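Notes for the one structure printed next.
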Amino acid sequence: MQPLSKLFEKIKLIPQVKAAFEEGVVTKVAQNSARTKVRIYVTFKHLLAHKEVLYLQRQIHKHYFPKKEEVFIVESFDLSTQYTPEILLTEYESSIVEELSSCHSPFLGITFESAEKHFDEDGTLHIKVKGAPIRKEFEDELEEALRVFLCKRSGFSFDIVFDEPDESEKKSTFQKNKDIEDANRL
């Protein structure tokens with residue numbers, strides 16, 4: 001393991017990323033056999049928004065891999081004990097929405113952003129999508145992405161349950177959800 005700032009010391013960064021960069025620790029660097037993709041596994045002591053990880057990725061690519069290699073940062077967080085799953089969700093939600101929208105689909109980002117979310121007394125995350133229930137494949141994709149974002153990256157472990165919307169919500173927004181799905185197919 002090596003400090004990120006020592007391994008990539010040429011990089012000049014914007015202030016909001018610099019502190020995390022200086023505390024980040026590289027745990028692994030891997031390259032595919034075709035030498036077209038580089039994955040840099042980094043652990044940060046503080047949350048870093050998805051757009052900040054992408055910025056760091058671009059800077060590393062620009063200064064260290066200027067050819068055709070794609071650079072990916074695979075981030076994880078070693079957070080202090082002040083973080084609970086509830087606090088993590090609250091502080092990281094906008095980054096999750098951004099990453100869902102850009103890496104999965106705008107539909108998933110909008111769906112998660114507009115959903116009601118809460119943890120129960122057992123620590124289970126309940127997600128209630130407003131309107132019509134989402135199709136099973138979207139639900140599965142959203143759950144898997146949330147497990148990566150909230151559990152794998154931060155070391156938390158909790159269940160995720162999708163609650164059914166009320167009948168009145170289902171009817172009033174059925175057409176709206178259909179329109180969004182149709183727009184995503186274009």
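Order determines the names: the first chain of the structure tokens is A, the second B, and so forth; residues in each chain are numbered 1 upward, and ligands are numbered 1 upward as they are shown.
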Item to check | Contacts of A:Tyr55 within 10 Å, only C-alpha atoms, excl. fewer than 6 positions in-chain, as number ranges by chain | outcome: A: 13-14, 17, 49, 61
Would you save the residues of that selection, restricted to N, CA and C atoms, as a PDB file, in the first residue's frame?
```pdb
ATOM      1  N   LEU A  13      -4.083  19.507  -8.152  1.00  0.00           N
ATOM      2  CA  LEU A  13      -5.525  19.310  -8.031  1.00  0.00           C
ATOM      3  C   LEU A  13      -6.254  20.534  -7.495  1.00  0.00           C
ATOM      4  N   ILE A  14      -7.551  20.564  -7.752  1.00  0.00           N
ATOM      5  CA  ILE A  14      -8.397  21.603  -7.186  1.00  0.00           C
ATOM      6  C   ILE A  14      -8.526  21.351  -5.674  1.00  0.00           C
ATOM      7  N   VAL A  17     -10.555  18.387  -3.884  1.00  0.00           N
ATOM      8  CA  VAL A  17     -10.100  17.009  -4.084  1.00  0.00           C
ATOM      9  C   VAL A  17      -8.729  16.786  -3.429  1.00  0.00           C
ATOM     10  N   ALA A  49     -17.154  12.559  -3.668  1.00  0.00           N
ATOM     11  CA  ALA A  49     -18.265  12.489  -4.618  1.00  0.00           C
ATOM     12  C   ALA A  49     -17.798  11.854  -5.924  1.00  0.00           C
ATOM     13  N   HIS A  61      -4.943  10.048 -15.621  1.00  0.00           N
ATOM     14  CA  HIS A  61      -4.825   9.649 -17.022  1.00  0.00           C
ATOM     15  C   HIS A  61      -3.977  10.657 -17.795  1.00  0.00           C
TER      16      HIS A  61
END
```
List every residue of stretch 123-174 of chain A that has an atom at most 12 Å from any atom of stretch 68-78 of chain A, and for each one report the closest atom pair and its distance in Å to one decimal, counting only C-alpha atoms, with rows sorted by chain and then by increasing residue number, as JSON lines.
```
{"residue": "A:Val148", "atom": "CA", "partner": "A:Ser76", "partner_atom": "CA", "distance": 9.5}
{"residue": "A:Phe149", "atom": "CA", "partner": "A:Ser76", "partner_atom": "CA", "distance": 8.9}
{"residue": "A:Leu150", "atom": "CA", "partner": "A:Ser76", "partner_atom": "CA", "distance": 9.8}
{"residue": "A:Cys151", "atom": "CA", "partner": "A:Ser76", "partner_atom": "CA", "distance": 9.6}
{"residue": "A:Lys152", "atom": "CA", "partner": "A:Ser76", "partner_atom": "CA", "distance": 7.4}
{"residue": "A:Arg153", "atom": "CA", "partner": "A:Ser76", "partner_atom": "CA", "distance": 4.1}
{"residue": "A:Ser154", "atom": "CA", "partner": "A:Phe77", "partner_atom": "CA", "distance": 4.9}
{"residue": "A:Gly155", "atom": "CA", "partner": "A:Phe77", "partner_atom": "CA", "distance": 7.7}
{"residue": "A:Phe156", "atom": "CA", "partner": "A:Phe77", "partner_atom": "CA", "distance": 10.3}
```
Checklist entry - Quick one: residues within 6 Å of stretch 22-35 of chain A, only C-alpha atoms counted, chain neighbours fewer than 6 positions away excluded, as a ChimeraX atom specification? => result /A:1-5,41-44
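The set of residues in stretch 33-81 of chain A assigned to strand (DSSP E) by DSSP, using only backbone atoms of this structure, is Lys37, Val38, Arg39, Ile40, Tyr41, Val42, Thr43, Phe44, Glu70, Val71, Phe72, Ile73, Val74, Glu75, Ser76 and Phe77 of chain A.
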Checklist entry - Among stretch 29-128 of chain A, which ones does DSSP place in helix (DSSP H, G or I), written as a PyMOL selection string? => result chain A and resi 50-64+85-104+106-114
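Closest approach to A:Pro106 among A:Leu142, A:Leu89, A:Leu47, A:Gln16 is made by A:Leu142 (distances from only C-alpha atoms).
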Checklist outcome for this item: Residue with the minimum atom-to-atom distance to A:Arg58, picked from A:Val129, A:Glu139, A:His104, A:Lys12 with only C-alpha atoms counted, is A:Lys12
Checklist entry - So, counting only C-alpha atoms, which residue among A:Leu100, A:Val161, A:Ala19, A:Ile110 is closest to A:Lys45? => result A:Ala19
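The shortest atom-to-atom distance to A:Val38, with only C-alpha atoms taken into account, belongs to A:Tyr64 out of A:Tyr92, A:Phe119, A:Tyr64, A:Phe158.
You will find atom CA of A:Leu54 at 16.8 Å from atom CA of A:Glu93.
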